[in-house]
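Below is one structure, written out as C-alpha cells; the observations come after it.
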2 protein chains.
Amino acid sequence: MFVAVSVRIRGVTDVASRKQDRITRRQVDKFDARRTELAVATLHTLAELGYARTSLREIAQNSEFSHGVLHYYFADKRDLITEAVRQYEVVCVTRYDEVVATSTTADQLRDEFVAMFFDTLGQDATLHRLWYDLRNQSLFDESFRADVLEIDGHREDMVWRVVSRYAELVGGTVAVSPTMIYVTLDGIFQRALLNHLAGKADNVAQLRVELPAAIGLMVTKAE
Amino acid sequence: MFVAVSVRIRGVTDVASRKQDRITRRQVDKFDARRTELAVATLHTLAELGYARTSLREIAQNSEFSHGVLHYYFADKRDLITEAVRQYEVVCVTRYDEVVATSTTADQLRDEFVAMFFDTLGQDATLHRLWYDLRNQSLFDESFRADVLEIDGHREDMVWRVVSRYAELVGGTVAVSPTMIYVTLDGIFQRALLNHLAGKADNVAQLRVELPAAIGLMVTKAE
DNA sequence: GCTTTTCCTTGACAGTCGTCAAGTTTTTCT
DNA sequence: AGAAAAACTTGACGACTGTCAAGGAAAAGC
C-alpha cells in the first residue's frame, strides 16, 4: 500500500537496494504528477467558485476522477487547497521577469509592464480573485498564513525587480521601500480587478492611464 | 401578520387613518430596531469566523434569540448579511472626520491620522478583516457588488477628505487622484492588518514609520 | 378578561459537506 | 499466467447547512 503523503523518502543509497529505489522513485514521481494534476483541477474550481463554495465533489467533477480519489492523494481538504495555492505561485510569480530582461529603455519597460499588468488582469481574472480570496482567508485561518506570507513576499520581490530596473534605466534611484511599492501596485491591481469584474471598463481604463504616473512617483531621476 | 420585509409603507396621509398609521409606524420602528440588533450580532459573528464559516445558528447563538427568528426579520441569509454590511458602513466610514475637523496644522493632521489609522487597525482588526472578506466575496457573488462598490466609494471619499485637507494646511495641492490615494492607503492598511494578525508587530511598526512619507508624496508644496 | 395580533421557539425537512471503509479495476512484478 | 500492489470507484456515515411550518408565549386592542 502506497501511503498518501507528499514527503519523499530519500537517503536509500545502499547498492543492494538500487533497483528498489528506482522503482520507488518512479512510483513517487507518478504519485506527485497526479497530485499536481488534481491540484490544478482544484485551482480552477477555486477560481470559479471561490473558497467559500468549493467542495471536494465539485473539484472531482472538474477532473477526470471521482471524489474519493482526492483522499488517496491528499490527507484532507486543507492539504489539497494548500497544494493548489502552491500551483498558483508557480504560474504567477515570474510574470514580469521577461519584460525586465528584454527591455532596453525605461519607457519600454514601463509601457510593457503596464500592458502586461492589464493583460493578466483581464486574462486571468478568476485566478487573481482566488489569490485575494485565499490571502483574506489567511486572516481568519492561521494554517494558511505561512504560505500566504511567502507568496506575498515573492510578489513583492517580483514588482521590486521591475521598479528597481526601471530606476536603473531611468538613471535614478527608487524613492520608496519595496513594501510600499508592492502595496501600492497591488492596491491598484485589486481595485482594477474589482472594476473589471463589475463590468466598469472605463474605471479600469482610467487606472491604466494613471498607473505610469504612479510608477514615476516611485523613482527620483538623477539631476 | 407583519411581513418580514424592510420596505416601509408610506403615503397613508388620510386623516381618518392617522391613528392606525401611528401604530404601524411604531411597529415598524420596533421591527427595524430588532433588525439592526440582529444585524449587529451577525456582524460580530462574521468578524469572528469569516464569511465562509458563518452559519445562521452561530449568529443566533451570538444574540439572545433562537435561530428561527432570523427568518422572521430577514428574507434569507443574503438579506441578513447585506444588512450587517450596512451596519459596518455606519461604524467605519466617518472614522477620521473628527481628526480633519479639529486639526489646525498639517503636521497635527498627519500625525493624528496615522495614530488613528494604526489604532483602529489593532482595535477593530476583526471588523476590518471582515470588510476585506466581503469585498472579496463580491468578486465571486454579483449580488454583493453594488453594496461593496458603494462602501468602497465612501471609504475613498473619507481618505480624500483627509489628504485634501492636509494639502490645504500644507499650503499645496494634491498630486494624485482620489482613487490612487485610496488604493495606496488601503493597500498599506491591508498589509498592516495581515502582519498584525500574523503577530509580526515589527512589520506593522515599520509601516507606521513609512506612512507619513507616503502621505507626503501625495501632495506637492507650493514654492 | 378575552380575543387578536405579534413575536419567538422548537423541531423537522431536504440537501450538502468532509471523510472513510470496502470493494473493483488496473498496473506491476515474478 | 498468476500473484501482489497500486489506483480508483462506490456508497455510506454523521454532522452541518438554509429554510420553513406548527405551535407556544407575550403583548396589544377592545
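To be explicit about the labels: the chains of the C-alpha cells are called A, B, and onward in the order shown, and within each one the residues are counted from 1, while ligands get numbers from 1 in the order they are shown.
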Mind listing as a list in words which residues of chain D are within 8 Å of chain A, counting only C-alpha atoms (C1' of nucleotides)?
->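 Taking only C-alpha atoms (C1' of nucleotides) into account, DA5, DA6, DC8 and DT9 of chain D sit within 8 Å of chain A.
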Write to file, as a JSON list (two decimals), in the first residue's frame, the residues of the selection just made, with N, CA and C atoms (P, O5', C5', C4', C3', O3' and C1' of nucleotides).
```json
[["chain", "number", "residue", "atom", "x", "y", "z"],
["D", 5, "DA", "P", 2.31, -7.34, -1.72],
["D", 5, "DA", "O5'", 2.25, -5.90, -2.40],
["D", 5, "DA", "C5'", 3.14, -5.60, -3.46],
["D", 5, "DA", "C4'", 2.57, -4.48, -4.31],
["D", 5, "DA", "C3'", 2.01, -3.30, -3.50],
["D", 5, "DA", "O3'", 2.65, -2.12, -3.93],
["D", 5, "DA", "C1'", 0.47, -3.99, -5.17],
["D", 6, "DA", "P", 2.39, -0.76, -3.23],
["D", 6, "DA", "O5'", 1.59, 0.06, -4.35],
["D", 6, "DA", "C5'", 2.02, -0.02, -5.70],
["D", 6, "DA", "C4'", 0.95, 0.49, -6.62],
["D", 6, "DA", "C3'", 0.35, 1.85, -6.23],
["D", 6, "DA", "O3'", 0.39, 2.69, -7.36],
["D", 6, "DA", "C1'", -1.38, 0.29, -6.66],
["D", 8, "DC", "P", -5.24, 6.82, -10.52],
["D", 8, "DC", "O5'", -6.76, 6.48, -10.21],
["D", 8, "DC", "C5'", -7.45, 5.56, -11.06],
["D", 8, "DC", "C4'", -8.71, 5.07, -10.39],
["D", 8, "DC", "C3'", -9.70, 6.14, -9.93],
["D", 8, "DC", "O3'", -10.76, 6.25, -10.86],
["D", 8, "DC", "C1'", -9.59, 4.24, -8.46],
["D", 9, "DT", "P", -12.05, 7.12, -10.51],
["D", 9, "DT", "O5'", -13.02, 6.03, -9.88],
["D", 9, "DT", "C5'", -13.30, 4.84, -10.61],
["D", 9, "DT", "C4'", -14.45, 4.07, -9.94],
["D", 9, "DT", "C3'", -15.68, 4.93, -9.65],
["D", 9, "DT", "O3'", -16.83, 4.22, -10.07],
["D", 9, "DT", "C1'", -14.90, 3.89, -7.64]]
```
Env of segment 127-129 of chain A: 12 Å cut, atoms = only C-alpha atoms (C1' of nucleotides), seq-sep filter 5 positions within chain, self excluded. Answer as an mmCIF file with N, CA and C atoms, in the first residue's frame.
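Listing of around23.cif after writing:
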```cif
data_model
loop_
_atom_site.group_PDB
_atom_site.id
_atom_site.type_symbol
_atom_site.label_atom_id
_atom_site.label_comp_id
_atom_site.auth_asym_id
_atom_site.auth_seq_id
_atom_site.Cartn_x
_atom_site.Cartn_y
_atom_site.Cartn_z
ATOM 1 N N VAL A 40 -4.227 21.228 -9.846
ATOM 2 C CA VAL A 40 -4.596 22.174 -10.899
ATOM 3 C C VAL A 40 -6.108 22.202 -11.086
ATOM 4 N N THR A 42 -8.185 21.582 -8.797
ATOM 5 C CA THR A 42 -8.644 22.311 -7.618
ATOM 6 C C THR A 42 -8.541 23.820 -7.827
ATOM 7 N N LEU A 43 -7.419 24.221 -8.413
ATOM 8 C CA LEU A 43 -7.176 25.641 -8.652
ATOM 9 C C LEU A 43 -8.266 26.247 -9.531
ATOM 10 N N HIS A 44 -8.635 25.526 -10.574
ATOM 11 C CA HIS A 44 -9.661 26.052 -11.479
ATOM 12 C C HIS A 44 -11.027 26.113 -10.804
ATOM 13 N N THR A 45 -11.308 25.107 -9.993
ATOM 14 C CA THR A 45 -12.578 25.122 -9.280
ATOM 15 C C THR A 45 -12.637 26.282 -8.295
ATOM 16 N N LEU A 46 -11.552 26.473 -7.559
ATOM 17 C CA LEU A 46 -11.484 27.575 -6.607
ATOM 18 C C LEU A 46 -11.623 28.916 -7.307
ATOM 19 N N ALA A 47 -10.965 29.037 -8.450
ATOM 20 C CA ALA A 47 -11.032 30.301 -9.181
ATOM 21 C C ALA A 47 -12.448 30.583 -9.657
ATOM 22 N N GLU A 48 -13.170 29.524 -9.950
ATOM 23 C CA GLU A 48 -14.530 29.701 -10.456
ATOM 24 C C GLU A 48 -15.523 30.007 -9.334
ATOM 25 N N LEU A 49 -15.431 29.270 -8.250
ATOM 26 C CA LEU A 49 -16.451 29.354 -7.208
ATOM 27 C C LEU A 49 -16.033 30.154 -5.977
ATOM 28 N N GLY A 50 -14.734 30.305 -5.752
ATOM 29 C CA GLY A 50 -14.274 30.932 -4.519
ATOM 30 C C GLY A 50 -14.144 29.908 -3.411
ATOM 31 N N TYR A 51 -13.388 30.267 -2.407
ATOM 32 C CA TYR A 51 -13.100 29.332 -1.320
ATOM 33 C C TYR A 51 -14.365 28.875 -0.608
ATOM 34 N N ALA A 84 -2.841 23.433 -4.089
ATOM 35 C CA ALA A 84 -3.368 24.242 -5.185
ATOM 36 C C ALA A 84 -2.780 25.645 -5.151
ATOM 37 N N VAL A 85 -2.649 26.197 -3.956
ATOM 38 C CA VAL A 85 -2.076 27.535 -3.819
ATOM 39 C C VAL A 85 -0.628 27.545 -4.309
ATOM 40 N N GLN A 87 0.565 25.709 -6.624
ATOM 41 C CA GLN A 87 0.491 25.710 -8.086
ATOM 42 C C GLN A 87 0.277 27.125 -8.609
ATOM 43 N N TYR A 88 -0.559 27.869 -7.902
ATOM 44 C CA TYR A 88 -0.800 29.253 -8.297
ATOM 45 C C TYR A 88 0.501 30.045 -8.323
ATOM 46 N N GLU A 89 1.270 29.826 -7.282
ATOM 47 C CA GLU A 89 2.517 30.574 -7.184
ATOM 48 C C GLU A 89 3.435 30.301 -8.373
ATOM 49 N N VAL A 91 2.705 29.609 -11.343
ATOM 50 C CA VAL A 91 2.224 30.315 -12.530
ATOM 51 C C VAL A 91 2.503 31.804 -12.452
ATOM 52 N N CYS A 92 2.321 32.371 -11.275
ATOM 53 C CA CYS A 92 2.124 33.811 -11.189
ATOM 54 C C CYS A 92 3.326 34.666 -10.846
ATOM 55 N N VAL A 93 4.342 34.082 -10.278
ATOM 56 C CA VAL A 93 5.299 34.917 -9.583
ATOM 57 C C VAL A 93 6.494 35.350 -10.439
ATOM 58 N N PHE A 117 0.405 44.075 -17.057
ATOM 59 C CA PHE A 117 -0.392 44.284 -15.844
ATOM 60 C C PHE A 117 -1.888 44.168 -16.170
ATOM 61 N N PHE A 118 -2.311 44.882 -17.185
ATOM 62 C CA PHE A 118 -3.738 44.876 -17.508
ATOM 63 C C PHE A 118 -4.127 43.704 -18.398
ATOM 64 N N THR A 120 -2.982 40.527 -17.895
ATOM 65 C CA THR A 120 -3.268 39.417 -16.978
ATOM 66 C C THR A 120 -4.488 39.720 -16.122
ATOM 67 N N LEU A 121 -4.746 41.000 -15.933
ATOM 68 C CA LEU A 121 -5.964 41.375 -15.206
ATOM 69 C C LEU A 121 -7.208 40.837 -15.908
ATOM 70 N N GLY A 122 -7.236 41.018 -17.246
ATOM 71 C CA GLY A 122 -8.386 40.514 -17.982
ATOM 72 C C GLY A 122 -8.318 39.022 -18.237
ATOM 73 N N LEU A 134 -7.863 33.773 -1.019
ATOM 74 C CA LEU A 134 -7.069 32.951 -0.110
ATOM 75 C C LEU A 134 -6.239 33.807 0.836
ATOM 76 N N ARG A 135 -5.735 34.915 0.321
ATOM 77 C CA ARG A 135 -4.977 35.798 1.201
ATOM 78 C C ARG A 135 -5.864 36.299 2.339
ATOM 79 N N ASN A 136 -7.109 36.608 2.009
ATOM 80 C CA ASN A 136 -8.044 37.029 3.046
ATOM 81 C C ASN A 136 -8.395 35.888 3.982
ATOM 82 N N ASP A 186 -0.194 46.575 -5.806
ATOM 83 C CA ASP A 186 -1.188 45.552 -5.503
ATOM 84 C C ASP A 186 -2.556 46.179 -5.242
ATOM 85 N N PHE A 189 -4.013 47.028 -8.498
ATOM 86 C CA PHE A 189 -4.465 45.808 -9.179
ATOM 87 C C PHE A 189 -5.789 45.313 -8.612
ATOM 88 N N GLN A 190 -5.898 45.330 -7.309
ATOM 89 C CA GLN A 190 -7.130 44.874 -6.665
ATOM 90 C C GLN A 190 -8.324 45.719 -7.096
ATOM 91 N N ARG A 191 -8.105 47.019 -7.075
ATOM 92 C CA ARG A 191 -9.169 47.931 -7.483
ATOM 93 C C ARG A 191 -9.564 47.700 -8.937
ATOM 94 N N ALA A 192 -8.538 47.527 -9.777
ATOM 95 C CA ALA A 192 -8.808 47.291 -11.194
ATOM 96 C C ALA A 192 -9.559 45.979 -11.386
ATOM 97 N N LEU A 193 -9.197 44.981 -10.601
ATOM 98 C CA LEU A 193 -9.860 43.679 -10.711
ATOM 99 C C LEU A 193 -11.337 43.784 -10.331
ATOM 100 N N LEU A 194 -11.601 44.474 -9.251
ATOM 101 C CA LEU A 194 -12.991 44.666 -8.832
ATOM 102 C C LEU A 194 -13.795 45.374 -9.912
ATOM 103 N N ASN A 195 -13.221 46.434 -10.457
ATOM 104 C CA ASN A 195 -13.915 47.168 -11.508
ATOM 105 C C ASN A 195 -14.069 46.334 -12.774
ATOM 106 N N HIS A 196 -13.054 45.555 -13.076
ATOM 107 C CA HIS A 196 -13.127 44.702 -14.261
ATOM 108 C C HIS A 196 -14.263 43.698 -14.134
ATOM 109 N N LEU A 197 -14.329 43.024 -12.999
ATOM 110 C CA LEU A 197 -15.360 42.010 -12.801
ATOM 111 C C LEU A 197 -16.745 42.635 -12.659
ATOM 112 N N ASP B 133 -12.973 40.578 3.590
ATOM 113 C CA ASP B 133 -13.574 39.295 3.218
ATOM 114 C C ASP B 133 -14.793 39.512 2.334
ATOM 115 N N ARG B 135 -15.591 42.255 0.645
ATOM 116 C CA ARG B 135 -15.230 42.896 -0.624
ATOM 117 C C ARG B 135 -14.757 41.838 -1.615
ATOM 118 N N ASN B 136 -13.990 40.883 -1.111
ATOM 119 C CA ASN B 136 -13.534 39.803 -1.980
ATOM 120 C C ASN B 136 -14.674 38.896 -2.403
ATOM 121 N N GLN B 137 -15.579 38.681 -1.490
ATOM 122 C CA GLN B 137 -16.742 37.858 -1.821
ATOM 123 C C GLN B 137 -17.500 38.445 -3.002
ATOM 124 N N SER B 138 -17.489 39.765 -3.096
ATOM 125 C CA SER B 138 -18.190 40.418 -4.201
ATOM 126 C C SER B 138 -17.515 40.140 -5.548
ATOM 127 N N LEU B 139 -16.279 39.663 -5.510
ATOM 128 C CA LEU B 139 -15.627 39.273 -6.763
ATOM 129 C C LEU B 139 -16.229 37.980 -7.307
ATOM 130 N N PHE B 140 -16.861 37.212 -6.435
ATOM 131 C CA PHE B 140 -17.477 35.952 -6.847
ATOM 132 C C PHE B 140 -18.995 36.046 -6.912
ATOM 133 N N ASP B 141 -19.553 36.797 -5.980
ATOM 134 C CA ASP B 141 -21.004 36.874 -5.857
ATOM 135 C C ASP B 141 -21.488 38.250 -6.287
#
```
Contact table chain A vs chain C, cut-off 10 Å, shortest pair per residue, only C-alpha atoms (C1' of nucleotides), as a Markdown table:
```
| residue | atom | partner | partner_atom | distance |
| --- | --- | --- | --- | --- |
| A:Ser55 | CA | C:DC17 | C1' | 7.4 |
| A:Leu56 | CA | C:DG18 | C1' | 7.9 |
| A:Arg57 | CA | C:DC17 | C1' | 9.3 |
| A:Gly68 | CA | C:DC20 | C1' | 9.0 |
| A:His71 | CA | C:DT19 | C1' | 8.2 |
| A:Asp76 | CA | C:DG18 | C1' | 8.2 |
| A:Lys77 | CA | C:DG18 | C1' | 7.7 |
```
With only C-alpha atoms considered, list every residue of chain B at most 6 Å from chain A, as a tab-separated table (two decimals) with N, CA and C atoms, in the first residue's frame.
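Wrote it out as result01.tsv, contents follow:
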```tsv
chain	number	residue	atom	x	y	z
B	52	ALA	N	-17.04	32.47	5.07
B	52	ALA	CA	-17.13	31.08	4.66
B	52	ALA	C	-17.66	30.18	5.77
B	133	ASP	N	-12.97	40.58	3.59
B	133	ASP	CA	-13.57	39.29	3.22
B	133	ASP	C	-14.79	39.51	2.33
B	136	ASN	N	-13.99	40.88	-1.11
B	136	ASN	CA	-13.53	39.80	-1.98
B	136	ASN	C	-14.67	38.90	-2.40
B	183	VAL	N	-6.37	53.65	-3.03
B	183	VAL	CA	-5.80	52.32	-3.19
B	183	VAL	C	-4.45	52.20	-2.47
B	184	THR	N	-3.72	53.29	-2.43
B	184	THR	CA	-2.44	53.24	-1.72
B	184	THR	C	-2.63	53.07	-0.22
B	187	GLY	N	-4.11	49.78	0.54
B	187	GLY	CA	-3.10	48.72	0.40
B	187	GLY	C	-2.21	48.64	1.62
B	188	ILE	N	-1.79	49.80	2.12
B	188	ILE	CA	-0.97	49.83	3.33
B	188	ILE	C	-1.75	49.23	4.49
```
Which is closer to Phe113 of chain B than all the others in B:Ala222, B:Ile215, B:Ala41, B:Val170, using only C-alpha atoms?
->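 Going through B:Ala222, B:Ile215, B:Ala41, B:Val170 one by one, the smallest distance to Phe113 of chain B is for B:Ile215.
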Extract, using only C-alpha atoms (C1' of nucleotides), all DNA, RNA and protein residues at most 6 Å from Gly172 of chain A, discarding same-chain residues fewer than 5 positions from it, and format them as a list in words.
->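 Neighbouring residues, sequence-local ones excluded: Ala167, Thr220, Lys221 and Ala222 of chain A.
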How would the residues just picked look written out with C-alpha atoms as a PDB file, in the first residue's frame?
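Written output follows (part.pdb):
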```pdb
ATOM      1  CA  ALA A 167      15.001  53.286 -11.875  1.00  0.00           C
ATOM      2  CA  THR A 220      13.663  60.035  -8.476  1.00  0.00           C
ATOM      3  CA  LYS A 221      15.683  60.945 -11.517  1.00  0.00           C
ATOM      4  CA  ALA A 222      19.287  61.932 -11.021  1.00  0.00           C
TER       5      ALA A 222
END
```
List every residue of segment 21-177 of chain B that DSSP, applied to the backbone of this structure, assigns to helix (DSSP H, G or I), and report them as a ChimeraX atom specification.
-> /B:21-49,51-53,56-61,67-73,77-92,97-102,106-123,125-140,142-170
How many Å separate atom CA of Val90 of chain A from atom CA of Arg35 of chain A?
->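 Computing it gives 14.8 Å between the two atoms.
The two atoms in question, atom CA of Arg86 of chain B and atom CA of Tyr73 of chain B, are spaced 15.6 Å apart.
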May I ask for the distance between atom CA of Val219 of chain A and atom CA of Arg110 of chain A, given in Å to one decimal place?
-> 12.0 Å
